[in-house]
file start.pdb (PDB, C-alpha atoms and all ligand atoms)
ATOM      1  CA  MET S   1      89.888  72.072  89.538  1.00  0.00           C
ATOM      2  CA  SER S   2      89.833  72.241  93.290  1.00  0.00           C
ATOM      3  CA  SER S   3      89.647  68.563  93.999  1.00  0.00           C
ATOM      4  CA  THR S   4      88.850  66.039  91.344  1.00  0.00           C
ATOM      5  CA  THR S   5      88.112  62.806  93.111  1.00  0.00           C
ATOM      6  CA  ALA S   6      85.515  60.116  92.874  1.00  0.00           C
ATOM      7  CA  THR S   7      86.326  58.777  96.343  1.00  0.00           C
ATOM      8  CA  PRO S   8      83.738  58.807  99.129  1.00  0.00           C
ATOM      9  CA  GLY S   9      83.121  62.127 100.828  1.00  0.00           C
ATOM     10  CA  ALA S  10      80.363  64.242 102.287  1.00  0.00           C
ATOM     11  CA  LEU S  11      77.667  65.262  99.854  1.00  0.00           C
ATOM     12  CA  PRO S  12      75.397  68.243 100.489  1.00  0.00           C
ATOM     13  CA  ASP S  13      71.735  67.925 101.400  1.00  0.00           C
ATOM     14  CA  GLY S  14      71.542  64.157 101.304  1.00  0.00           C
ATOM     15  CA  LEU S  15      72.644  63.791  97.681  1.00  0.00           C
ATOM     16  CA  ILE S  16      74.027  60.429  96.687  1.00  0.00           C
ATOM     17  CA  ALA S  17      76.740  59.713  94.111  1.00  0.00           C
ATOM     18  CA  LEU S  18      77.422  56.366  92.460  1.00  0.00           C
ATOM     19  CA  PRO S  19      81.132  55.447  92.230  1.00  0.00           C
ATOM     20  CA  GLY S  20      82.953  57.402  89.542  1.00  0.00           C
ATOM     21  CA  VAL S  21      80.472  60.292  89.490  1.00  0.00           C
ATOM     22  CA  TYR S  22      81.866  63.792  90.074  1.00  0.00           C
ATOM     23  CA  ARG S  23      80.889  64.978  93.536  1.00  0.00           C
ATOM     24  CA  PRO S  24      79.946  68.625  94.056  1.00  0.00           C
ATOM     25  CA  GLN S  25      83.145  70.531  94.737  1.00  0.00           C
ATOM     26  CA  ALA S  26      84.368  74.125  94.923  1.00  0.00           C
ATOM     27  CA  ASP S  27      83.579  74.761  91.248  1.00  0.00           C
ATOM     28  CA  THR S  28      80.052  73.357  91.695  1.00  0.00           C
ATOM     29  CA  HIS S  29      79.472  75.646  94.688  1.00  0.00           C
ATOM     30  CA  PHE S  30      80.922  78.660  92.879  1.00  0.00           C
ATOM     31  CA  LEU S  31      78.542  78.097  89.971  1.00  0.00           C
ATOM     32  CA  ALA S  32      75.659  77.674  92.451  1.00  0.00           C
ATOM     33  CA  GLU S  33      76.475  81.132  93.854  1.00  0.00           C
ATOM     34  CA  ALA S  34      76.288  82.582  90.349  1.00  0.00           C
ATOM     35  CA  LEU S  35      73.000  80.791  89.681  1.00  0.00           C
ATOM     36  CA  ALA S  36      71.520  82.511  92.742  1.00  0.00           C
ATOM     37  CA  HIS S  37      71.413  85.739  90.695  1.00  0.00           C
ATOM     38  CA  GLU S  38      69.573  84.171  87.741  1.00  0.00           C
ATOM     39  CA  ASP S  39      65.841  83.908  87.113  1.00  0.00           C
ATOM     40  CA  LEU S  40      65.071  80.227  87.650  1.00  0.00           C
ATOM     41  CA  GLY S  41      61.375  80.636  88.303  1.00  0.00           C
ATOM     42  CA  PRO S  42      58.399  78.784  86.814  1.00  0.00           C
ATOM     43  CA  GLY S  43      58.180  79.018  83.050  1.00  0.00           C
ATOM     44  CA  ARG S  44      61.935  79.187  82.534  1.00  0.00           C
ATOM     45  CA  ASP S  45      63.507  76.502  80.334  1.00  0.00           C
ATOM     46  CA  VAL S  46      66.958  75.616  81.612  1.00  0.00           C
ATOM     47  CA  LEU S  47      69.715  73.276  80.403  1.00  0.00           C
ATOM     48  CA  GLU S  48      72.588  71.916  82.457  1.00  0.00           C
ATOM     49  CA  ILE S  49      75.501  70.565  80.410  1.00  0.00           C
ATOM     50  CA  GLY S  50      77.294  67.795  82.336  1.00  0.00           C
ATOM     51  CA  THR S  51      75.039  67.324  85.351  1.00  0.00           C
ATOM     52  CA  GLY S  52      77.072  64.818  87.427  1.00  0.00           C
ATOM     53  CA  THR S  53      75.010  64.153  90.581  1.00  0.00           C
ATOM     54  CA  GLY S  54      72.327  66.577  89.368  1.00  0.00           C
ATOM     55  CA  ALA S  55      73.028  68.913  92.310  1.00  0.00           C
ATOM     56  CA  LEU S  56      72.775  72.141  90.290  1.00  0.00           C
ATOM     57  CA  ALA S  57      69.961  70.926  88.052  1.00  0.00           C
ATOM     58  CA  LEU S  58      67.966  70.070  91.175  1.00  0.00           C
ATOM     59  CA  HIS S  59      68.718  73.486  92.651  1.00  0.00           C
ATOM     60  CA  ALA S  60      67.191  75.007  89.498  1.00  0.00           C
ATOM     61  CA  ALA S  61      64.214  72.627  89.533  1.00  0.00           C
ATOM     62  CA  GLY S  62      63.620  73.468  93.193  1.00  0.00           C
ATOM     63  CA  ARG S  63      63.242  77.120  92.235  1.00  0.00           C
ATOM     64  CA  GLY S  64      60.563  76.224  89.707  1.00  0.00           C
ATOM     65  CA  ALA S  65      62.456  76.085  86.394  1.00  0.00           C
ATOM     66  CA  ARG S  66      61.799  73.346  83.832  1.00  0.00           C
ATOM     67  CA  VAL S  67      65.196  71.640  83.749  1.00  0.00           C
ATOM     68  CA  THR S  68      66.863  69.461  81.136  1.00  0.00           C
ATOM     69  CA  ALA S  69      70.182  67.914  82.174  1.00  0.00           C
ATOM     70  CA  VAL S  70      72.583  66.040  79.903  1.00  0.00           C
ATOM     71  CA  ASP S  71      75.656  63.936  80.662  1.00  0.00           C
ATOM     72  CA  VAL S  72      77.874  61.512  78.729  1.00  0.00           C
ATOM     73  CA  SER S  73      78.137  59.282  81.802  1.00  0.00           C
ATOM     74  CA  TRP S  74      75.449  56.666  82.424  1.00  0.00           C
ATOM     75  CA  ARG S  75      76.461  56.554  86.085  1.00  0.00           C
ATOM     76  CA  ALA S  76      75.948  60.305  86.344  1.00  0.00           C
ATOM     77  CA  LEU S  77      72.525  59.991  84.726  1.00  0.00           C
ATOM     78  CA  MET S  78      71.512  57.195  87.119  1.00  0.00           C
ATOM     79  CA  THR S  79      72.791  59.254  90.048  1.00  0.00           C
ATOM     80  CA  ALA S  80      70.883  62.350  88.959  1.00  0.00           C
ATOM     81  CA  ARG S  81      67.741  60.251  88.478  1.00  0.00           C
ATOM     82  CA  LEU S  82      68.041  58.815  91.991  1.00  0.00           C
ATOM     83  CA  ASN S  83      68.656  62.247  93.498  1.00  0.00           C
ATOM     84  CA  ALA S  84      65.684  63.714  91.636  1.00  0.00           C
ATOM     85  CA  ALA S  85      63.449  60.916  92.945  1.00  0.00           C
ATOM     86  CA  ARG S  86      64.709  61.447  96.498  1.00  0.00           C
ATOM     87  CA  ARG S  87      63.996  65.164  96.249  1.00  0.00           C
ATOM     88  CA  ARG S  88      60.690  64.571  94.395  1.00  0.00           C
ATOM     89  CA  LEU S  89      61.714  67.079  91.744  1.00  0.00           C
ATOM     90  CA  PRO S  90      61.257  66.676  87.984  1.00  0.00           C
ATOM     91  CA  LEU S  91      64.333  66.553  85.740  1.00  0.00           C
ATOM     92  CA  ARG S  92      64.434  65.756  82.019  1.00  0.00           C
ATOM     93  CA  LEU S  93      67.595  63.656  81.770  1.00  0.00           C
ATOM     94  CA  LEU S  94      69.434  62.999  78.502  1.00  0.00           C
ATOM     95  CA  HIS S  95      72.355  60.657  77.982  1.00  0.00           C
ATOM     96  CA  GLY S  96      75.121  61.559  75.548  1.00  0.00           C
ATOM     97  CA  ASP S  97      77.111  64.461  74.214  1.00  0.00           C
ATOM     98  CA  PHE S  98      75.416  67.791  74.950  1.00  0.00           C
ATOM     99  CA  ALA S  99      75.520  69.040  71.355  1.00  0.00           C
ATOM    100  CA  ALA S 100      74.038  65.891  69.841  1.00  0.00           C
ATOM    101  CA  ARG S 101      71.302  65.537  72.469  1.00  0.00           C
ATOM    102  CA  THR S 102      70.069  69.123  72.438  1.00  0.00           C
ATOM    103  CA  ALA S 103      70.004  69.780  68.683  1.00  0.00           C
ATOM    104  CA  GLY S 104      66.996  71.891  67.735  1.00  0.00           C
ATOM    105  CA  HIS S 105      66.169  72.977  71.315  1.00  0.00           C
ATOM    106  CA  ARG S 106      66.621  76.437  72.798  1.00  0.00           C
ATOM    107  CA  PHE S 107      66.686  77.507  76.435  1.00  0.00           C
ATOM    108  CA  ASP S 108      66.363  80.631  78.572  1.00  0.00           C
ATOM    109  CA  LEU S 109      69.441  79.664  80.567  1.00  0.00           C
ATOM    110  CA  VAL S 110      72.244  77.181  79.891  1.00  0.00           C
ATOM    111  CA  PHE S 111      74.796  76.468  82.593  1.00  0.00           C
ATOM    112  CA  ALA S 112      77.864  74.252  82.742  1.00  0.00           C
ATOM    113  CA  ASN S 113      80.731  73.162  84.921  1.00  0.00           C
ATOM    114  CA  PRO S 114      82.476  71.363  82.060  1.00  0.00           C
ATOM    115  CA  PRO S 115      85.690  69.336  82.083  1.00  0.00           C
ATOM    116  CA  TYR S 116      88.499  71.923  81.998  1.00  0.00           C
ATOM    117  CA  VAL S 117      91.710  70.439  83.398  1.00  0.00           C
ATOM    118  CA  PRO S 118      94.610  70.457  80.919  1.00  0.00           C
ATOM    119  CA  ALA S 119      95.636  66.840  80.335  1.00  0.00           C
ATOM    120  CA  PRO S 120      98.612  65.188  78.655  1.00  0.00           C
ATOM    121  CA  GLY S 121      97.845  63.169  75.522  1.00  0.00           C
ATOM    122  CA  GLY S 122      95.845  64.011  72.458  1.00  0.00           C
ATOM    123  CA  GLY S 123      92.189  63.150  72.890  1.00  0.00           C
ATOM    124  CA  LEU S 124      89.501  63.090  75.534  1.00  0.00           C
ATOM    125  CA  PRO S 125      88.929  60.020  77.723  1.00  0.00           C
ATOM    126  CA  SER S 126      86.116  57.833  76.380  1.00  0.00           C
ATOM    127  CA  HIS S 127      85.218  56.357  79.770  1.00  0.00           C
ATOM    128  CA  GLY S 128      86.033  56.544  83.484  1.00  0.00           C
ATOM    129  CA  PRO S 129      85.779  59.344  86.032  1.00  0.00           C
ATOM    130  CA  GLU S 130      88.436  61.381  84.152  1.00  0.00           C
ATOM    131  CA  ARG S 131      85.730  62.324  81.658  1.00  0.00           C
ATOM    132  CA  ALA S 132      84.530  64.781  84.310  1.00  0.00           C
ATOM    133  CA  TRP S 133      87.778  66.781  84.297  1.00  0.00           C
ATOM    134  CA  ASP S 134      90.271  65.903  81.531  1.00  0.00           C
ATOM    135  CA  ALA S 135      89.861  68.362  78.653  1.00  0.00           C
ATOM    136  CA  GLY S 136      92.775  68.050  76.248  1.00  0.00           C
ATOM    137  CA  PRO S 137      96.230  69.688  76.327  1.00  0.00           C
ATOM    138  CA  ASP S 138      94.909  73.235  76.920  1.00  0.00           C
ATOM    139  CA  GLY S 139      91.809  72.275  78.935  1.00  0.00           C
ATOM    140  CA  ARG S 140      89.528  73.801  76.319  1.00  0.00           C
ATOM    141  CA  ALA S 141      88.184  70.803  74.363  1.00  0.00           C
ATOM    142  CA  VAL S 142      84.657  70.992  75.805  1.00  0.00           C
ATOM    143  CA  ILE S 143      84.684  74.718  76.660  1.00  0.00           C
ATOM    144  CA  ASP S 144      85.321  75.660  73.017  1.00  0.00           C
ATOM    145  CA  ARG S 145      82.484  73.427  71.844  1.00  0.00           C
ATOM    146  CA  ILE S 146      80.125  75.044  74.352  1.00  0.00           C
ATOM    147  CA  CYS S 147      81.189  78.501  73.122  1.00  0.00           C
ATOM    148  CA  ALA S 148      80.533  77.514  69.507  1.00  0.00           C
ATOM    149  CA  ARG S 149      77.196  75.902  70.328  1.00  0.00           C
ATOM    150  CA  ALA S 150      75.848  78.578  72.687  1.00  0.00           C
ATOM    151  CA  PRO S 151      74.090  80.760  70.077  1.00  0.00           C
ATOM    152  CA  ALA S 152      72.071  77.759  68.845  1.00  0.00           C
ATOM    153  CA  LEU S 153      71.145  76.758  72.401  1.00  0.00           C
ATOM    154  CA  LEU S 154      69.894  80.129  73.625  1.00  0.00           C
ATOM    155  CA  ARG S 155      66.628  81.921  73.030  1.00  0.00           C
ATOM    156  CA  GLU S 156      66.832  85.631  72.346  1.00  0.00           C
ATOM    157  CA  GLY S 157      67.810  87.283  75.628  1.00  0.00           C
ATOM    158  CA  GLY S 158      68.888  83.902  77.029  1.00  0.00           C
ATOM    159  CA  SER S 159      72.059  83.470  79.069  1.00  0.00           C
ATOM    160  CA  LEU S 160      74.970  81.073  79.349  1.00  0.00           C
ATOM    161  CA  LEU S 161      76.723  80.669  82.697  1.00  0.00           C
ATOM    162  CA  MET S 162      79.936  78.645  82.796  1.00  0.00           C
ATOM    163  CA  VAL S 163      82.623  78.034  85.397  1.00  0.00           C
ATOM    164  CA  HIS S 164      86.163  77.015  84.538  1.00  0.00           C
ATOM    165  CA  SER S 165      89.764  77.432  85.590  1.00  0.00           C
ATOM    166  CA  GLY S 166      91.695  80.585  84.783  1.00  0.00           C
ATOM    167  CA  MET S 167      94.436  78.169  83.725  1.00  0.00           C
ATOM    168  CA  CYS S 168      92.637  77.498  80.450  1.00  0.00           C
ATOM    169  CA  GLY S 169      92.063  81.148  79.624  1.00  0.00           C
ATOM    170  CA  ALA S 170      89.103  83.283  80.650  1.00  0.00           C
ATOM    171  CA  ALA S 171      89.864  85.864  77.943  1.00  0.00           C
ATOM    172  CA  GLU S 172      89.827  83.147  75.290  1.00  0.00           C
ATOM    173  CA  THR S 173      86.343  82.081  76.384  1.00  0.00           C
ATOM    174  CA  VAL S 174      85.053  85.666  76.382  1.00  0.00           C
ATOM    175  CA  ASP S 175      86.557  86.227  72.910  1.00  0.00           C
ATOM    176  CA  ARG S 176      85.036  83.061  71.486  1.00  0.00           C
ATOM    177  CA  LEU S 177      81.596  83.856  72.870  1.00  0.00           C
ATOM    178  CA  SER S 178      81.849  87.442  71.621  1.00  0.00           C
ATOM    179  CA  ASP S 179      82.917  86.190  68.182  1.00  0.00           C
ATOM    180  CA  ALA S 180      79.846  83.934  68.247  1.00  0.00           C
ATOM    181  CA  GLY S 181      77.681  87.042  68.684  1.00  0.00           C
ATOM    182  CA  LEU S 182      77.013  86.962  72.439  1.00  0.00           C
ATOM    183  CA  ALA S 183      77.656  89.711  74.991  1.00  0.00           C
ATOM    184  CA  ALA S 184      80.163  87.967  77.258  1.00  0.00           C
ATOM    185  CA  ALA S 185      82.150  88.880  80.366  1.00  0.00           C
ATOM    186  CA  VAL S 186      83.868  87.388  83.393  1.00  0.00           C
ATOM    187  CA  THR S 187      81.421  88.082  86.227  1.00  0.00           C
ATOM    188  CA  ALA S 188      83.166  86.453  89.205  1.00  0.00           C
ATOM    189  CA  LYS S 189      86.539  85.063  90.250  1.00  0.00           C
ATOM    190  CA  THR S 190      87.741  83.086  93.218  1.00  0.00           C
ATOM    191  CA  ALA S 191      90.814  81.104  94.215  1.00  0.00           C
ATOM    192  CA  VAL S 192      90.796  77.535  95.477  1.00  0.00           C
ATOM    193  CA  PRO S 193      93.628  75.258  96.573  1.00  0.00           C
ATOM    194  CA  TRP S 194      95.014  72.802  94.031  1.00  0.00           C
ATOM    195  CA  GLY S 195      93.409  69.364  94.236  1.00  0.00           C
ATOM    196  CA  PRO S 196      94.988  65.962  93.642  1.00  0.00           C
ATOM    197  CA  VAL S 197      94.680  65.996  89.839  1.00  0.00           C
ATOM    198  CA  LEU S 198      96.580  69.270  89.411  1.00  0.00           C
ATOM    199  CA  ARG S 199      99.152  68.226  92.021  1.00  0.00           C
ATOM    200  CA  GLY S 200      99.704  64.969  90.124  1.00  0.00           C
ATOM    201  CA  ARG S 201     100.395  66.960  86.910  1.00  0.00           C
ATOM    202  CA  ARG S 202     102.570  69.668  88.412  1.00  0.00           C
ATOM    203  CA  SER S 203     105.724  69.098  86.360  1.00  0.00           C
ATOM    204  CA  TRP S 204     103.773  68.716  83.094  1.00  0.00           C
ATOM    205  CA  LEU S 205     101.753  71.895  83.813  1.00  0.00           C
ATOM    206  CA  GLU S 206     104.933  73.811  84.650  1.00  0.00           C
ATOM    207  CA  GLN S 207     106.673  72.574  81.496  1.00  0.00           C
ATOM    208  CA  ARG S 208     103.765  73.885  79.441  1.00  0.00           C
ATOM    209  CA  ALA S 209     103.797  77.207  81.351  1.00  0.00           C
ATOM    210  CA  LEU S 210     100.236  76.535  82.510  1.00  0.00           C
ATOM    211  CA  ALA S 211     101.370  76.844  86.120  1.00  0.00           C
ATOM    212  CA  ALA S 212     104.123  78.749  87.871  1.00  0.00           C
ATOM    213  CA  PRO S 213     106.633  76.849  90.018  1.00  0.00           C
ATOM    214  CA  HIS S 214     105.239  76.178  93.517  1.00  0.00           C
ATOM    215  CA  GLU S 215     101.806  77.478  92.548  1.00  0.00           C
ATOM    216  CA  GLU S 216      99.172  76.022  94.884  1.00  0.00           C
ATOM    217  CA  TRP S 217      96.069  78.087  94.183  1.00  0.00           C
ATOM    218  CA  GLU S 218      93.843  77.832  91.167  1.00  0.00           C
ATOM    219  CA  GLU S 219      91.722  80.692  89.917  1.00  0.00           C
ATOM    220  CA  LEU S 220      88.128  79.827  89.041  1.00  0.00           C
ATOM    221  CA  VAL S 221      86.124  82.162  86.823  1.00  0.00           C
ATOM    222  CA  ILE S 222      82.444  82.529  86.025  1.00  0.00           C
ATOM    223  CA  ILE S 223      81.728  83.561  82.455  1.00  0.00           C
ATOM    224  CA  ARG S 224      78.293  84.948  81.652  1.00  0.00           C
ATOM    225  CA  ALA S 225      77.157  85.475  78.077  1.00  0.00           C
ATOM    226  CA  VAL S 226      73.843  86.823  76.832  1.00  0.00           C
ATOM    227  CA  SER S 227      72.213  86.265  73.469  1.00  0.00           C
ATOM    228  CA  VAL S 228      71.425  89.756  72.189  1.00  0.00           C
TER     229      VAL S 228
HETATM  230  C1  LIG A 301      83.136  68.773  86.309  1.00  0.00           C
HETATM  231  S1  LIG A 301      81.823  67.620  86.155  1.00  0.00           S
HETATM  232  C2  LIG A 301      80.476  68.651  86.735  1.00  0.00           C
HETATM  233  C3  LIG A 301      79.341  67.876  87.388  1.00  0.00           C
HETATM  234  C4  LIG A 301      78.273  68.766  88.048  1.00  0.00           C
HETATM  235  N1  LIG A 301      77.661  69.652  87.090  1.00  0.00           N
HETATM  236  C5  LIG A 301      78.879  69.591  89.157  1.00  0.00           C
HETATM  237  O1  LIG A 301      79.085  70.801  88.966  1.00  0.00           O
HETATM  238  O2  LIG A 301      79.147  69.032  90.212  1.00  0.00           O
HETATM  239  C6  LIG A 301      81.567  67.577  84.378  1.00  0.00           C
HETATM  240  C7  LIG A 301      80.471  66.618  83.914  1.00  0.00           C
HETATM  241  O3  LIG A 301      80.347  66.760  82.480  1.00  0.00           O
HETATM  242  C8  LIG A 301      80.141  65.485  81.901  1.00  0.00           C
HETATM  243  N2  LIG A 301      80.550  65.612  80.486  1.00  0.00           N
HETATM  244  C9  LIG A 301      81.806  65.593  79.967  1.00  0.00           C
HETATM  245  N3  LIG A 301      81.780  65.771  78.635  1.00  0.00           N
HETATM  246  C10 LIG A 301      80.475  65.939  78.285  1.00  0.00           C
HETATM  247  C11 LIG A 301      79.798  66.159  77.044  1.00  0.00           C
HETATM  248  N4  LIG A 301      80.479  66.265  75.876  1.00  0.00           N
HETATM  249  N5  LIG A 301      78.442  66.257  77.039  1.00  0.00           N
HETATM  250  C12 LIG A 301      77.742  66.127  78.211  1.00  0.00           C
HETATM  251  N6  LIG A 301      78.340  65.910  79.415  1.00  0.00           N
HETATM  252  C13 LIG A 301      79.676  65.825  79.461  1.00  0.00           C
HETATM  253  C14 LIG A 301      80.962  64.541  82.765  1.00  0.00           C
HETATM  254  O4  LIG A 301      80.527  63.210  82.656  1.00  0.00           O
HETATM  255  C15 LIG A 301      80.731  65.145  84.163  1.00  0.00           C
HETATM  256  O5  LIG A 301      79.618  64.552  84.807  1.00  0.00           O
END
call {"tool": "encode", "arguments": {"input": "start.pdb", "output": "structure tokens"}}
result
Amino acid sequence: MSSTTATPGALPDGLIALPGVYRPQADTHFLAEALAHEDLGPGRDVLEIGTGTGALALHAAGRGARVTAVDVSWRALMTARLNAARRRLPLRLLHGDFAARTAGHRFDLVFANPPYVPAPGGGLPSHGPERAWDAGPDGRAVIDRICARAPALLREGGSLLMVHSGMCGAAETVDRLSDAGLAAAVTAKTAVPWGPVLRGRRSWLEQRALAAPHEEWEELVIIRAVSV
């Protein structure tokens, strides 16, 4: 993750963020670039998993899509609601875990910038800003659940677009989505400088062979999967 911080900083296009809410960063912008190639026009039903400030959901709503956005964080939901009101754009906002809150609904496009930073300790944080990035010892706790859930979330011909770090295994994500019956591939890669969270975990990441000594750049990948 390029820079995982909840401290004040510039936000694009007049967005606001309540304290503790993940501010749009390099991974957000990389996913926005990928979304530019998707059909987000009127009549499209779209889901964002983990909306944070709502920046990407509002981008989709601005292009005409009917957007549902879900987040476990109340502060994120309040932030997204405020930003939607400021932009005068409609968002259907759901609080809670993405799988529980979307059961029985299917979408034309699902996109996610999920938590993906490998973190010491067994479980996921139950509160605090770390919920936006900490994702278990291999960084895959939420990614794997999205992979497993994707077929039930997508209409026929629908697509999943997800950004995450190469550190937690792009091939693993493609394999899981393929095993789930989707046509999946890595469609874009970029490199971004390590942010404070990775720098703070350097020795632990190196011990686990998740990072090479002196590594300072993180690979981000976009995975696209289609329901066929
Ligand atoms: C990396 S942030 C991305 C925020 C925003 N989409 C962006 O790109 O700037 C991940 C978001 O996912 C939310 N989240 C974490 N686990 C979740 C879950 N199981 N279901 C729904 N949202 C979740 C976090 O609260 C956080 O807002």
call {"tool": "closest_residue", "arguments": {"input": "start.pdb", "among": "S:Arg208, S:Arg87, S:Arg149, S:Arg44", "to": "ligand LIG 301 (chain A)", "atoms": "all atoms listed in the file"}}
result
S:Arg149
call {"tool": "resolve_selection", "arguments": {"input": "start.pdb", "expression": "the PyMOL selection byres (((chain S and resi 226) around 10) and not hetatm)", "output": "list in words"}}
result
Asp108, Leu109, Ala150, Pro151, Leu154, Arg155, Glu156, Gly157, Gly158, Ser159, Leu160, Leu161, Leu177, Ser178, Gly181, Leu182, Ala183, Ala184, Ala185, Arg224, Ala225, Ser227 and Val228 of chain S
call {"tool": "write_last_selection", "arguments": {"input": "start.pdb", "atoms": "C-alpha atoms", "output": "PDB file, keeping the file's coordinate frame"}}
result
ATOM      1  CA  ASP S 108      66.363  80.631  78.572  1.00  0.00           C
ATOM      2  CA  LEU S 109      69.441  79.664  80.567  1.00  0.00           C
ATOM      3  CA  ALA S 150      75.848  78.578  72.687  1.00  0.00           C
ATOM      4  CA  PRO S 151      74.090  80.760  70.077  1.00  0.00           C
ATOM      5  CA  LEU S 154      69.894  80.129  73.625  1.00  0.00           C
ATOM      6  CA  ARG S 155      66.628  81.921  73.030  1.00  0.00           C
ATOM      7  CA  GLU S 156      66.832  85.631  72.346  1.00  0.00           C
ATOM      8  CA  GLY S 157      67.810  87.283  75.628  1.00  0.00           C
ATOM      9  CA  GLY S 158      68.888  83.902  77.029  1.00  0.00           C
ATOM     10  CA  SER S 159      72.059  83.470  79.069  1.00  0.00           C
ATOM     11  CA  LEU S 160      74.970  81.073  79.349  1.00  0.00           C
ATOM     12  CA  LEU S 161      76.723  80.669  82.697  1.00  0.00           C
ATOM     13  CA  LEU S 177      81.596  83.856  72.870  1.00  0.00           C
ATOM     14  CA  SER S 178      81.849  87.442  71.621  1.00  0.00           C
ATOM     15  CA  GLY S 181      77.681  87.042  68.684  1.00  0.00           C
ATOM     16  CA  LEU S 182      77.013  86.962  72.439  1.00  0.00           C
ATOM     17  CA  ALA S 183      77.656  89.711  74.991  1.00  0.00           C
ATOM     18  CA  ALA S 184      80.163  87.967  77.258  1.00  0.00           C
ATOM     19  CA  ALA S 185      82.150  88.880  80.366  1.00  0.00           C
ATOM     20  CA  ARG S 224      78.293  84.948  81.652  1.00  0.00           C
ATOM     21  CA  ALA S 225      77.157  85.475  78.077  1.00  0.00           C
ATOM     22  CA  SER S 227      72.213  86.265  73.469  1.00  0.00           C
ATOM     23  CA  VAL S 228      71.425  89.756  72.189  1.00  0.00           C
TER      24      VAL S 228
END
call {"tool": "residues_near_ligand", "arguments": {"input": "start.pdb", "ligand": "ligand LIG 301 (chain A)", "cutoff": "7 Å", "atoms": "only C-alpha atoms and all ligand atoms", "output": "NGL selection string"}}
result
:S and (21-25 or 27-28 or 49-56 or 70-73 or 76 or 96-99 or 112-115 or 131-133 or 142)
call {"tool": "closest_residue", "arguments": {"input": "start.pdb", "among": "S:Leu15, S:Leu153, S:Leu198, S:Ala36", "to": "Arg86 of chain S", "atoms": "only C-alpha atoms"}}
result
S:Leu15
call {"tool": "residues_near_point", "arguments": {"input": "start.pdb", "point": "(100.0, 65.5, 80.5)", "cutoff": "9 Å", "atoms": "all atoms listed in the file", "output": "ChimeraX atom specification"}}
result
/S:118-121,136-137,201,203-205
call {"tool": "atom_distance", "arguments": {"input": "start.pdb", "atom1": "atom CA of Pro42 of chain S", "atom2": "atom CA of Ala57 of chain S"}}
result
14.0 Å
call {"tool": "closest_residue", "arguments": {"input": "start.pdb", "among": "S:Cys147, S:Val117, S:Leu40, S:Ile223", "to": "Arg199 of chain S", "atoms": "all atoms listed in the file"}}
result
S:Val117
call {"tool": "residues_around", "arguments": {"input": "start.pdb", "residues": "Gly169 of chain S", "least_positions_apart": "5", "cutoff": "10 Å", "atoms": "all atoms listed in the file", "output": "MDAnalysis selection string"}}
result
chainID S and resid 138:140 164 174 210 221
call {"tool": "decode", "arguments": {"input": "start.pdb", "residues": "segment 122-133 of chain S", "atoms": "N, CA and C atoms", "output": "PDB file, in the first residue's frame"}}
result
ATOM      1  N   GLY S 122      -2.919 -12.853  14.335  1.00  0.00           N
ATOM      2  CA  GLY S 122      -3.811 -13.803  13.680  1.00  0.00           C
ATOM      3  C   GLY S 122      -4.956 -13.202  12.912  1.00  0.00           C
ATOM      4  N   GLY S 123      -5.780 -12.400  13.583  1.00  0.00           N
ATOM      5  CA  GLY S 123      -7.058 -12.000  12.972  1.00  0.00           C
ATOM      6  C   GLY S 123      -7.020 -10.632  12.327  1.00  0.00           C
ATOM      7  N   LEU S 124      -8.196 -10.174  11.938  1.00  0.00           N
ATOM      8  CA  LEU S 124      -8.347  -8.844  11.361  1.00  0.00           C
ATOM      9  C   LEU S 124      -8.712  -7.862  12.470  1.00  0.00           C
ATOM     10  N   PRO S 125      -8.318  -6.589  12.332  1.00  0.00           N
ATOM     11  CA  PRO S 125      -8.732  -5.609  13.345  1.00  0.00           C
ATOM     12  C   PRO S 125     -10.249  -5.444  13.334  1.00  0.00           C
ATOM     13  N   SER S 126     -10.847  -5.269  14.521  1.00  0.00           N
ATOM     14  CA  SER S 126     -12.302  -5.126  14.578  1.00  0.00           C
ATOM     15  C   SER S 126     -12.721  -3.661  14.583  1.00  0.00           C
ATOM     16  N   HIS S 127     -11.758  -2.754  14.764  1.00  0.00           N
ATOM     17  CA  HIS S 127     -12.077  -1.330  14.717  1.00  0.00           C
ATOM     18  C   HIS S 127     -10.795  -0.563  14.414  1.00  0.00           C
ATOM     19  N   GLY S 128     -10.952   0.762  14.178  1.00  0.00           N
ATOM     20  CA  GLY S 128      -9.796   1.615  13.932  1.00  0.00           C
ATOM     21  C   GLY S 128      -9.438   1.693  12.459  1.00  0.00           C
ATOM     22  N   PRO S 129      -8.616   2.662  12.112  1.00  0.00           N
ATOM     23  CA  PRO S 129      -8.266   2.889  10.702  1.00  0.00           C
ATOM     24  C   PRO S 129      -7.552   1.708  10.055  1.00  0.00           C
ATOM     25  N   GLU S 130      -6.912   0.843  10.894  1.00  0.00           N
ATOM     26  CA  GLU S 130      -6.190  -0.321  10.345  1.00  0.00           C
ATOM     27  C   GLU S 130      -7.109  -1.269   9.588  1.00  0.00           C
ATOM     28  N   ARG S 131      -8.411  -1.179   9.854  1.00  0.00           N
ATOM     29  CA  ARG S 131      -9.342  -2.043   9.110  1.00  0.00           C
ATOM     30  C   ARG S 131      -9.270  -1.785   7.613  1.00  0.00           C
ATOM     31  N   ALA S 132      -8.770  -0.589   7.239  1.00  0.00           N
ATOM     32  CA  ALA S 132      -8.685  -0.264   5.806  1.00  0.00           C
ATOM     33  C   ALA S 132      -7.515  -0.969   5.134  1.00  0.00           C
ATOM     34  N   TRP S 133      -6.508  -1.414   5.915  1.00  0.00           N
ATOM     35  CA  TRP S 133      -5.337  -1.999   5.239  1.00  0.00           C
ATOM     36  C   TRP S 133      -4.874  -3.339   5.803  1.00  0.00           C
TER      37      TRP S 133
END
